[in-house]
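J.: Sharing run-v9.txt here; it has compact mmCIF, C-alpha atoms.
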```txt
# COMPACT_ATOMS: atom_id res chain seq x y z
CA MET W 1 38.61 111.73 77.05
CA ILE W 2 42.34 111.39 77.59
CA ASP W 3 44.14 108.33 78.88
CA ILE W 4 46.65 109.06 81.62
CA ASP W 5 48.41 106.59 83.89
CA ARG W 6 48.83 108.80 86.92
CA PRO W 7 46.19 111.58 86.82
CA ASP W 8 46.95 112.74 90.34
CA ASP W 9 50.68 113.03 89.78
CA PRO W 10 51.03 116.83 89.44
CA GLN W 11 54.21 116.50 87.39
CA ALA W 12 52.67 114.05 84.92
CA LEU W 13 49.64 116.27 84.46
CA ALA W 14 51.79 119.38 84.04
CA ASP W 15 53.85 117.57 81.41
CA LEU W 16 50.69 116.46 79.56
CA TYR W 17 49.34 120.01 79.52
CA GLU W 18 52.62 121.53 78.43
CA ALA W 19 53.01 118.97 75.64
CA ASN W 20 49.57 119.87 74.29
CA GLY W 21 49.95 123.63 74.66
CA TRP W 22 47.12 123.68 77.22
CA GLY W 23 46.75 125.44 80.54
CA ASP W 24 48.29 128.64 81.86
CA GLY W 25 51.69 127.25 82.86
CA LEU W 26 50.66 126.54 86.45
CA PRO W 27 49.80 123.09 87.88
CA VAL W 28 46.23 121.90 87.37
CA ILE W 29 43.92 119.41 89.04
CA ALA W 30 42.96 116.37 86.97
CA PRO W 31 39.40 116.68 85.62
CA THR W 32 38.23 113.16 86.44
CA VAL W 33 34.63 112.14 85.89
CA ASP W 34 33.94 112.19 89.64
CA ARG W 35 35.39 115.66 90.13
CA VAL W 36 33.53 117.12 87.16
CA ASP W 37 30.26 115.55 88.36
CA ALA W 38 30.86 117.07 91.80
CA MET W 39 31.46 120.47 90.21
CA LEU W 40 28.22 120.22 88.24
CA ALA W 41 26.46 119.48 91.52
CA GLY W 42 27.34 123.01 92.55
CA LEU W 43 24.19 123.92 90.63
CA THR W 44 20.87 123.01 92.21
CA GLY W 45 18.15 120.94 90.61
CA GLU W 46 18.29 119.17 87.28
CA VAL W 47 21.55 119.76 85.42
CA ASP W 48 22.06 118.85 81.77
CA PRO W 49 25.86 118.75 81.34
CA ASP W 50 25.48 119.20 77.59
CA HIS W 51 23.51 122.42 77.94
CA LEU W 52 25.22 125.04 75.79
CA VAL W 53 25.94 128.19 77.79
CA ALA W 54 27.99 130.13 75.23
CA THR W 55 29.90 129.91 71.99
CA LEU W 56 33.22 131.63 72.51
CA PRO W 57 35.24 133.31 69.73
CA PRO W 58 37.54 133.12 67.90
CA ARG W 59 37.48 129.29 68.02
CA SER W 60 33.68 129.04 68.20
CA GLY W 61 34.28 126.83 71.22
CA GLN W 62 31.17 125.28 72.73
CA ALA W 63 31.02 126.19 76.41
CA THR W 64 28.66 123.56 77.75
CA LEU W 65 28.11 123.18 81.46
CA ARG W 66 30.38 120.11 81.40
CA VAL W 67 33.19 121.97 79.66
CA ILE W 68 32.88 124.85 82.13
CA ALA W 69 32.98 122.33 84.99
CA ILE W 70 36.09 120.65 83.52
CA ASN W 71 37.92 123.97 83.46
CA ALA W 72 36.68 124.82 86.94
CA VAL W 73 38.18 121.57 88.26
CA LEU W 74 41.45 122.26 86.45
CA ALA W 75 41.63 125.73 88.03
CA GLY W 76 40.99 124.41 91.53
CA CYS W 77 37.47 125.78 92.04
CA GLU W 78 35.07 124.41 94.60
CA PRO W 79 31.49 123.59 93.55
CA ARG W 80 30.19 126.53 95.58
CA GLN W 81 31.91 128.91 93.16
CA PHE W 82 30.55 127.18 90.06
CA PRO W 83 27.33 129.25 89.73
CA VAL W 84 29.43 132.43 89.57
CA LEU W 85 31.65 130.94 86.88
CA VAL W 86 28.66 129.86 84.78
CA ALA W 87 27.20 133.37 85.02
CA ALA W 88 30.54 134.90 84.07
CA VAL W 89 30.68 132.73 80.94
CA GLN W 90 27.18 133.91 80.07
CA ALA W 91 28.40 137.50 80.41
CA LEU W 92 31.37 136.78 78.14
CA ASN W 93 28.85 135.77 75.49
CA ASP W 94 27.13 139.18 75.46
CA PRO W 95 27.83 140.97 72.16
CA ASP W 96 28.39 144.27 74.01
CA LEU W 97 31.44 142.76 75.69
CA ASN W 98 33.04 142.10 72.27
CA LEU W 99 34.97 139.01 73.32
CA ARG W 100 36.37 138.50 69.83
CA GLY W 101 38.08 141.88 70.05
CA VAL W 102 39.12 141.35 73.67
CA ASN W 103 40.83 138.09 72.76
CA ALA W 104 42.40 139.32 69.54
CA THR W 105 43.86 142.68 70.55
CA THR W 106 47.52 143.50 71.17
CA HIS W 107 46.40 145.29 74.39
CA PRO W 108 46.87 143.43 77.73
CA VAL W 109 43.12 143.43 78.50
CA ALA W 110 41.71 140.77 80.81
CA PRO W 111 38.16 140.09 82.00
CA LEU W 112 37.73 141.29 85.58
CA LEU W 113 34.99 139.50 87.52
CA ILE W 114 33.25 141.50 90.24
CA VAL W 115 31.02 139.23 92.31
CA HIS W 116 28.05 140.90 93.98
CA GLY W 117 25.76 139.87 96.80
CA GLU W 118 24.91 136.53 98.32
CA ALA W 119 26.90 134.46 95.83
CA ALA W 120 30.02 136.24 97.01
CA LEU W 121 29.37 135.20 100.59
CA ARG W 122 28.30 131.68 99.68
CA GLY W 123 31.28 131.18 97.37
CA GLY W 124 33.81 132.50 99.89
CA PHE W 125 35.00 135.35 97.67
CA ASN W 126 37.22 138.02 99.21
CA SER W 127 35.94 141.59 99.02
CA GLY W 128 38.23 142.92 101.73
CA LEU W 129 41.92 143.25 102.46
CA GLY W 130 44.05 142.25 99.51
CA ALA W 131 41.05 141.31 97.36
CA PHE W 132 42.93 141.76 94.08
CA GLY W 133 45.89 139.79 95.40
CA PRO W 134 46.67 136.22 96.38
CA GLY W 135 45.25 134.30 99.31
CA SER W 136 41.60 133.75 98.46
CA ARG W 137 40.91 130.40 96.84
CA ALA W 138 37.60 131.58 95.42
CA ASN W 139 39.02 134.74 93.83
CA ALA W 140 42.12 133.00 92.53
CA THR W 141 40.50 129.90 91.09
CA THR W 142 37.35 131.46 89.64
CA GLY W 143 39.36 134.12 87.85
CA ARG W 144 41.75 131.43 86.69
CA ALA W 145 38.91 129.25 85.44
CA VAL W 146 37.76 132.12 83.21
CA ARG W 147 41.25 132.35 81.73
CA LEU W 148 41.38 128.58 81.17
CA MET W 149 38.00 128.79 79.42
CA LEU W 150 39.40 131.50 77.17
CA ASN W 151 42.59 129.55 76.45
CA HIS W 152 40.97 126.18 75.91
CA VAL W 153 37.47 126.86 74.63
CA ALA W 154 37.68 130.31 73.04
CA GLY W 155 41.11 129.52 71.60
CA ALA W 156 42.70 132.65 73.05
CA THR W 157 46.15 131.13 73.30
CA PRO W 158 49.04 133.60 73.08
CA GLY W 159 49.95 133.91 69.44
CA PRO W 160 47.21 132.45 67.27
CA GLY W 161 44.30 133.54 69.48
CA ASP W 162 45.65 136.31 71.71
CA ALA W 163 47.93 138.90 70.14
CA SER W 164 48.68 140.77 73.41
CA THR W 165 52.10 142.37 72.94
CA GLN W 166 53.29 141.86 76.51
CA GLY W 167 50.46 139.88 78.06
CA GLY W 168 49.78 140.82 81.66
CA PRO W 169 49.43 139.38 85.16
CA ALA W 170 45.66 140.04 85.13
CA LYS W 171 45.41 137.42 82.40
CA TYR W 172 46.21 134.68 84.95
CA SER W 173 43.31 135.45 87.26
CA TYR W 174 41.26 138.61 87.84
CA CYS W 175 38.38 138.32 90.26
CA VAL W 176 37.17 140.19 93.35
CA ALA W 177 33.96 140.55 95.29
CA GLU W 178 32.29 143.90 95.84
CA ASN W 179 32.60 144.98 99.47
CA LEU W 180 28.90 145.52 100.07
CA GLU W 181 29.29 145.58 103.85
CA GLU W 182 31.32 148.75 103.59
CA SER W 183 29.75 150.24 100.48
CA PRO W 184 27.80 153.36 101.44
CA TRP W 185 25.91 153.23 98.15
CA GLY W 186 24.64 149.67 97.81
CA SER W 187 25.65 147.40 94.96
CA LEU W 188 27.01 148.47 91.61
CA ALA W 189 24.97 145.60 90.12
CA THR W 190 21.75 147.35 91.13
CA ASP W 191 22.92 150.48 89.32
CA ALA W 192 23.51 148.27 86.29
CA GLY W 193 19.86 147.20 86.47
CA VAL W 194 20.34 143.77 88.03
CA THR W 195 18.36 143.53 91.26
CA ALA W 196 18.87 139.80 91.89
CA PRO W 197 20.41 138.87 95.26
CA SER W 198 23.53 137.68 93.44
CA ALA W 199 25.23 138.96 90.31
CA VAL W 200 28.54 139.13 88.55
CA THR W 201 29.96 141.95 86.47
CA VAL W 202 32.55 141.24 83.79
CA HIS W 203 34.64 144.28 82.86
CA CYS W 204 37.39 143.84 80.29
CA GLY W 205 40.12 146.15 81.44
CA GLU W 206 43.70 146.78 82.36
CA ALA W 207 45.29 145.75 85.64
CA PRO W 208 44.46 148.15 88.52
CA HIS W 209 46.24 151.53 88.55
CA ASN W 210 46.85 152.48 92.18
CA VAL W 211 45.53 155.71 93.77
CA HIS W 212 47.23 156.63 97.01
CA ASP W 213 45.85 159.28 99.38
CA MET W 214 46.76 158.91 103.06
CA GLU W 215 45.99 162.42 104.16
CA SER W 216 42.77 163.82 102.71
CA ALA W 217 39.39 163.73 104.39
CA ASP W 218 37.89 165.98 101.72
CA PRO W 219 36.23 163.94 98.95
CA ALA W 220 37.33 166.41 96.29
CA ALA W 221 40.98 166.05 97.28
CA ILE W 222 40.78 162.25 97.18
CA LEU W 223 38.91 162.22 93.89
CA ASP W 224 41.35 164.68 92.33
CA LYS W 225 43.98 161.99 92.78
CA VAL W 226 41.64 159.42 91.23
CA ALA W 227 41.09 161.81 88.33
CA SER W 228 44.82 162.29 87.84
CA THR W 229 45.19 158.51 87.61
CA MET W 230 42.48 158.40 84.95
CA VAL W 231 44.25 161.03 82.87
CA SER W 232 46.88 159.16 80.94
CA PHE W 233 47.99 159.23 77.34
CA GLY W 234 49.12 155.63 77.79
CA ALA W 235 45.73 154.10 78.49
CA ASN W 236 43.91 152.53 75.57
CA ASN W 237 40.85 154.52 76.61
CA ALA W 238 42.60 157.84 76.00
CA PRO W 239 41.68 158.26 72.32
CA ILE W 240 38.42 156.27 72.65
CA SER W 241 35.57 158.34 74.02
CA GLN W 242 33.24 155.40 74.72
CA GLY W 243 35.71 153.75 77.09
CA GLU W 244 34.64 152.84 80.60
CA PHE W 245 36.58 153.40 83.81
CA PHE W 246 35.93 151.22 86.84
CA VAL W 247 36.89 153.09 89.99
CA ALA W 248 37.50 150.71 92.88
CA LEU W 249 37.36 152.85 96.01
CA CYS W 250 38.69 151.43 99.25
CA PRO W 251 36.19 151.58 102.13
CA GLU W 252 37.93 154.54 103.79
CA HIS W 253 37.93 156.67 100.64
CA ALA W 254 34.30 155.72 99.97
CA ALA W 255 33.35 156.62 103.54
CA ALA W 256 35.04 160.01 103.24
CA CYS W 257 32.87 160.71 100.19
CA ALA W 258 29.64 159.40 101.72
CA ASP W 259 30.19 161.18 105.05
CA ASP W 260 30.27 164.44 103.12
CA GLY W 261 27.00 163.61 101.34
CA TRP W 262 28.39 162.35 98.05
CA ASN W 263 26.57 159.49 96.37
CA ARG W 264 27.89 157.25 93.60
CA ARG W 265 26.52 159.59 90.93
CA HIS W 266 28.22 162.59 92.52
CA VAL W 267 31.54 160.78 92.51
CA ALA W 268 31.21 159.79 88.85
CA SER W 269 30.15 163.30 87.82
CA TYR W 270 33.03 164.88 89.70
CA LEU W 271 35.51 162.53 88.07
CA PHE W 272 33.96 163.23 84.67
CA ASN W 273 34.56 166.93 85.23
CA ARG W 274 38.04 166.62 86.73
CA ALA W 275 39.62 163.88 84.61
CA ARG W 276 40.28 166.15 81.65
CA ILE W 277 43.04 166.64 79.18
CA ASN W 278 43.92 169.38 76.72
CA VAL W 279 42.35 168.73 73.33
CA GLY W 280 45.34 170.03 71.39
CA GLU W 281 47.71 167.75 73.28
CA MET W 282 45.39 164.82 72.66
CA ARG W 283 45.26 165.59 68.94
CA ASN W 284 49.05 165.79 68.86
CA ALA W 285 49.34 162.47 70.66
CA PHE W 286 46.86 160.47 68.58
CA ALA W 287 46.27 160.60 64.85
CA LEU W 288 43.66 157.88 65.33
CA ARG W 289 40.79 158.96 67.54
CA ALA W 290 37.44 157.33 68.19
CA TRP W 291 35.61 160.37 69.57
CA ALA W 292 31.95 161.19 69.96
CA PRO W 293 30.84 163.84 67.42
CA TRP W 294 30.65 166.57 70.06
CA MET W 295 34.26 165.89 71.06
CA GLN W 296 35.42 166.26 67.48
CA ARG W 297 34.09 169.82 67.50
CA LEU W 298 36.19 170.91 70.49
CA SER W 299 38.96 173.40 69.83
CA ASP W 300 42.59 172.75 70.68
CA SER W 301 42.46 175.12 73.65
CA ASP W 302 39.57 173.24 75.27
CA ASP W 303 39.90 170.52 77.88
CA MET W 304 38.07 167.27 77.19
CA PRO W 305 36.91 164.50 79.53
CA MET W 306 38.54 161.09 79.35
CA THR W 307 35.21 159.53 78.44
CA GLU W 308 32.12 160.93 76.78
CA HIS W 309 29.63 160.53 79.67
CA PRO W 310 29.69 160.20 83.49
CA ASP W 311 27.78 156.91 83.10
CA ASN W 312 30.98 155.40 81.74
CA ILE W 313 32.58 155.84 85.17
CA LYS W 314 31.57 152.92 87.42
CA VAL W 315 32.27 153.31 91.12
CA PHE W 316 32.35 150.36 93.52
CA VAL W 317 33.93 149.52 96.87
CA VAL W 318 36.56 146.86 97.41
CA GLY W 319 39.43 146.32 99.82
CA GLY W 320 40.16 146.57 103.53
CA ALA W 321 41.83 148.97 105.93
CA GLY W 322 44.10 151.58 104.39
CA LYS W 323 43.86 154.37 101.88
CA HIS W 324 44.62 152.87 98.49
CA SER W 325 42.02 152.82 95.75
CA SER W 326 42.45 151.98 92.09
CA VAL W 327 41.34 152.83 88.59
CA ILE W 328 40.72 150.09 86.04
CA PRO W 329 40.44 151.54 82.52
CA SER W 330 38.72 149.35 79.99
CA TRP W 331 40.28 148.13 76.78
CA GLY W 332 38.02 150.66 75.02
CA MET W 333 35.84 148.88 72.49
CA THR W 334 34.00 146.82 75.07
CA ARG W 335 31.16 147.35 77.53
CA ALA W 336 30.96 145.77 80.97
CA VAL W 337 28.16 143.26 81.38
CA THR W 338 26.32 142.44 84.63
CA VAL W 339 24.21 139.29 84.88
CA PRO W 340 22.38 137.56 87.74
CA VAL W 341 23.96 134.52 89.34
CA HIS W 342 21.47 131.66 89.47
CA SER W 343 21.61 128.72 91.83
CA GLY W 344 20.24 126.40 89.16
CA ALA W 345 21.52 125.46 85.74
CA PRO W 346 20.69 127.77 82.82
CA GLY W 347 17.50 126.77 81.08
CA THR W 348 15.96 125.09 84.13
CA PRO W 349 13.24 126.32 86.48
CA ASP W 350 15.86 126.97 89.16
CA SER W 351 17.44 129.59 86.92
CA GLU W 352 14.29 131.64 86.53
CA GLU W 353 13.62 135.02 88.11
CA GLY W 354 13.11 134.76 91.84
CA LYS W 355 15.35 131.76 92.29
CA GLU W 356 18.70 133.43 92.00
CA SER W 357 21.23 132.25 94.50
CA MET O 1 42.52 106.12 83.89
CA GLN O 2 40.69 108.68 81.80
CA ILE O 3 40.27 112.40 82.34
CA TYR O 4 38.32 114.95 80.31
CA SER O 5 39.85 117.07 77.59
CA PRO O 6 39.54 120.77 78.50
CA LEU O 7 38.78 121.96 74.99
CA GLY O 8 35.14 121.19 74.24
CA GLU O 9 33.70 120.89 70.77
CA VAL O 10 34.07 123.46 68.02
CA GLY O 11 30.79 124.89 66.75
CA PRO O 12 30.01 126.17 63.29
CA PRO O 13 32.21 129.12 62.27
CA MET O 14 30.63 132.46 63.16
CA ALA O 15 31.50 133.82 59.73
CA ALA O 16 32.87 132.27 56.55
CA MET O 17 35.27 133.70 54.00
CA ALA O 18 33.73 134.45 50.64
CA PRO O 19 35.23 132.39 47.80
CA SER O 20 37.95 134.05 45.73
CA LEU O 21 37.01 135.35 42.30
CA ASP O 22 38.49 133.46 39.34
CA VAL O 23 38.83 136.57 37.19
CA LEU O 24 39.50 140.09 38.45
CA THR O 25 39.37 141.89 35.10
CA GLY O 26 36.56 144.40 35.07
CA VAL O 27 35.58 144.03 38.73
CA ARG O 28 34.79 146.96 41.00
CA ILE O 29 37.19 147.01 43.98
CA GLY O 30 36.16 148.34 47.37
CA VAL O 31 38.54 149.31 50.16
CA LEU O 32 37.52 148.82 53.79
CA ASP O 33 40.02 150.85 55.82
CA ASN O 34 40.02 149.60 59.43
CA THR O 35 41.77 152.84 60.55
CA LYS O 36 44.88 151.10 61.82
CA PRO O 37 48.01 153.21 61.15
CA ASN O 38 48.57 153.55 57.39
CA ALA O 39 45.83 150.99 56.61
CA GLY O 40 44.09 153.40 54.24
CA LEU O 41 47.34 154.28 52.49
CA LEU O 42 48.47 150.66 52.14
CA LEU O 43 45.13 149.25 51.05
CA GLY O 44 44.48 152.16 48.71
CA ARG O 45 47.81 151.68 46.96
CA ILE O 46 47.29 147.93 46.70
CA ALA O 47 43.86 148.56 45.20
CA GLU O 48 45.32 151.00 42.64
CA ARG O 49 48.11 148.61 41.66
CA LEU O 50 45.71 145.71 41.41
CA ALA O 51 43.31 147.73 39.27
CA GLU O 52 46.14 148.73 36.91
CA ARG O 53 47.42 145.18 36.62
CA VAL O 54 44.12 143.39 35.92
CA GLY O 55 41.98 146.12 34.40
CA ALA O 56 39.69 146.67 37.36
CA VAL O 57 38.22 149.82 38.91
CA VAL O 58 38.73 151.15 42.44
CA ALA O 59 35.10 151.97 43.09
CA HIS O 60 34.71 152.94 46.73
CA THR O 61 36.45 153.33 50.10
CA GLU O 62 34.83 152.96 53.53
CA THR O 63 36.25 153.11 57.03
CA LYS O 64 35.45 151.06 60.13
CA ASN O 65 36.82 150.62 63.63
CA ALA O 66 39.48 147.91 63.79
CA ALA O 67 38.10 146.40 66.99
CA LEU O 68 34.53 145.96 65.82
CA ALA O 69 32.74 144.28 62.93
CA ALA O 70 31.80 146.63 60.09
CA PRO O 71 28.36 148.08 60.86
CA ASP O 72 25.44 147.44 58.53
CA ARG O 73 25.53 150.98 57.14
CA VAL O 74 29.14 150.49 55.99
CA MET O 75 28.36 147.14 54.41
CA GLY O 76 25.27 148.69 52.88
CA ARG O 77 27.27 151.43 51.19
CA LEU O 78 29.70 148.90 49.75
CA THR O 79 26.70 146.99 48.42
CA GLU O 80 25.19 150.18 46.98
CA GLU O 81 28.44 150.84 45.14
CA GLU O 82 28.20 147.33 43.69
CA VAL O 83 31.76 146.35 44.56
CA HIS O 84 32.71 142.78 43.69
CA VAL O 85 35.74 142.46 45.94
CA VAL O 86 36.83 144.26 49.12
CA LEU O 87 40.39 144.74 50.35
CA THR O 88 40.62 144.97 54.14
CA GLY O 89 42.49 143.78 57.20
CA THR O 90 45.72 145.24 58.54
CA ALA O 91 47.02 145.15 62.07
CA ASP O 92 49.42 147.16 64.23
```
Starting from the coordinates I provided, produce the structure as structure tokens.

T.:
Amino acid sequence: MIDIDRPDDPQALADLYEANGWGDGLPVIAPTVDRVDAMLAGLTGEVDPDHLVATLPPRSGQATLRVIAINAVLAGCEPRQFPVLVAAVQALNDPDLNLRGVNATTHPVAPLLIVHGEAALRGGFNSGLGAFGPGSRANATTGRAVRLMLNHVAGATPGPGDASTQGGPAKYSYCVAENLEESPWGSLATDAGVTAPSAVTVHCGEAPHNVHDMESADPAAILDKVASTMVSFGANNAPISQGEFFVALCPEHAAACADDGWNRRHVASYLFNRARINVGEMRNAFALRAWAPWMQRLSDSDDMPMTEHPDNIKVFVVGGAGKHSSVIPSWGMTRAVTVPVHSGAPGTPDSEEGKES
Amino acid sequence: MQIYSPLGEVGPPMAAMAPSLDVLTGVRIGVLDNTKPNAGLLLGRIAERLAERVGAVVAHTETKNAALAAPDRVMGRLTEEEVHVVLTGTAD
């Protein structure tokens, strides 16, 4: 515990955090005992605040429910968003996500949270107009709480724990909800094997790369522009064949595809075939290549896909009116993780199958 | 008034450094090239120089991806080659 004379004086709290090298540079809300208890009450049933949810590298920080709640209060979360944050921390703990590498790299990677299903509605997350941008308290504070967990608990502070050369705006907060109402293909979480009513996907990637197509009704024409955005020598995924691409289609682009009979698999397969680059140029650009064995056998005159399998291309719907989609390449050596969001605390009966929020 | 610290406790380290050897003379040196630019060249030359200086042997070189822990098969081959010390770890 920390003694502070005026915990609700924003300037005093900002000074305390700056002096200790804590926080993200923005004002925080004082994590008083009452506020943290109220945040923990965002989970139903019996809650053990000392329950260990994850151990986060490189600091080996112990992410107990109380510590997660403290950082949620600091970020400005409401208790109704807390179950999503707890699930996101569980996802960060999955070895496939490779959080140690994500935190340590010089790349500007940040964990993107995609909230699926009922928890998105209950938590007030924005899946529509401007979802990646400011204005939604749930999106802004839940994404920020993940960053504060990484800074404080994982030890991913710029310099000793985060070597990112330039950093990036996505490192402040990076959270959207999937626009299920306007998704013609159901939830991406279901495709990832999570059938619970609520889920969250954590994808460690770059900031969104915009795809603009105001004029095409033909899915192929729209997706050719998506493919051209995927094809970049500058993306970390370029020389790494296992890299994932999250393709965030706006509702109008998704509808154009679905109206022509394309399902999610068709879209991913088309992008796999169209997002290609000349092998010789790739070899000239990168001495260091992490390619699947079959890619290493390609000749210089061949074209190669930007990733080794269509399954590495994840298509979901987000946004409102307009014709802007985006591509979110991964850092490369990481896999997205989707987990159910439970209404109850981990390790309690309320967190078991069938009682997801 | 009191407020919570945001840091939480630190758990046991996920991995520990092996203790340094007191004497390097006669040891078998392994090189674990993490494939960062010039890592193999730099580590290989350091291993050669070290071997010359202390009377050791450069026994084996393996490669691994810089972003991931060395897989078991790589560690297994270093073990099979009976190396006593491994040189690794360069960044961009």

J.: Restrict the distance test to only C-alpha atoms, flag each residue of chain W within 10 Å of chain O, and return the flagged residues as a PyMOL selection string.

T.: chain W and resi 1-7+17+22-23+30-36+55-64+66-74+98+100-102+104-106+148-155+287-290+332-334

J.: Expressed in Å to a single decimal, how great is the separation between atom CA of Pro346 of chain W and atom CA of Val86 of chain W?

T.: 8.5 Å

J.: With a distance cut-off of 8 Å and only C-alpha atoms, select the neighbouring residues of Val28 of chain W, excluding the residue or stretch itself and same-chain residues fewer than 4 positions from it, and output the selection as a ChimeraX atom specification.

T.: /W:10,13-14,23,74-76

J.: For the residues in the current selection, export C-alpha atoms as a PDB file, keeping the file's coordinate frame.

T.:
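Written out: out_12.pdb:
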```pdb
ATOM      1  CA  PRO W  10      51.030 116.830  89.440  1.00  0.00           C
ATOM      2  CA  LEU W  13      49.640 116.270  84.460  1.00  0.00           C
ATOM      3  CA  ALA W  14      51.790 119.380  84.040  1.00  0.00           C
ATOM      4  CA  GLY W  23      46.750 125.440  80.540  1.00  0.00           C
ATOM      5  CA  LEU W  74      41.450 122.260  86.450  1.00  0.00           C
ATOM      6  CA  ALA W  75      41.630 125.730  88.030  1.00  0.00           C
ATOM      7  CA  GLY W  76      40.990 124.410  91.530  1.00  0.00           C
TER       8      GLY W  76
END
```

J.: Which polymer residues, protein or nucleic acid, are no farther than 7 Å from (33.4, 139.7, 93.1), counting only C-alpha atoms, as a PDB file with C-alpha atoms, in the frame of the given file?

T.:
```
ATOM      1  CA  LEU W 113      34.990 139.500  87.520  1.00  0.00           C
ATOM      2  CA  ILE W 114      33.250 141.500  90.240  1.00  0.00           C
ATOM      3  CA  VAL W 115      31.020 139.230  92.310  1.00  0.00           C
ATOM      4  CA  HIS W 116      28.050 140.900  93.980  1.00  0.00           C
ATOM      5  CA  ALA W 120      30.020 136.240  97.010  1.00  0.00           C
ATOM      6  CA  PHE W 125      35.000 135.350  97.670  1.00  0.00           C
ATOM      7  CA  SER W 127      35.940 141.590  99.020  1.00  0.00           C
ATOM      8  CA  CYS W 175      38.380 138.320  90.260  1.00  0.00           C
ATOM      9  CA  VAL W 176      37.170 140.190  93.350  1.00  0.00           C
ATOM     10  CA  ALA W 177      33.960 140.550  95.290  1.00  0.00           C
ATOM     11  CA  GLU W 178      32.290 143.900  95.840  1.00  0.00           C
ATOM     12  CA  VAL W 200      28.540 139.130  88.550  1.00  0.00           C
TER      13      VAL W 200
END
```

J.: Need to verify the contact set: Gly186 of chain W, 12 Å, only C-alpha atoms, exclusion of same-chain residues closer than 4 positions in sequence. Can you return it as a PyMOL selection string?

T.: chain W and resi 116-117+178-182+190-192+195+197+254+258+263-264+315-317
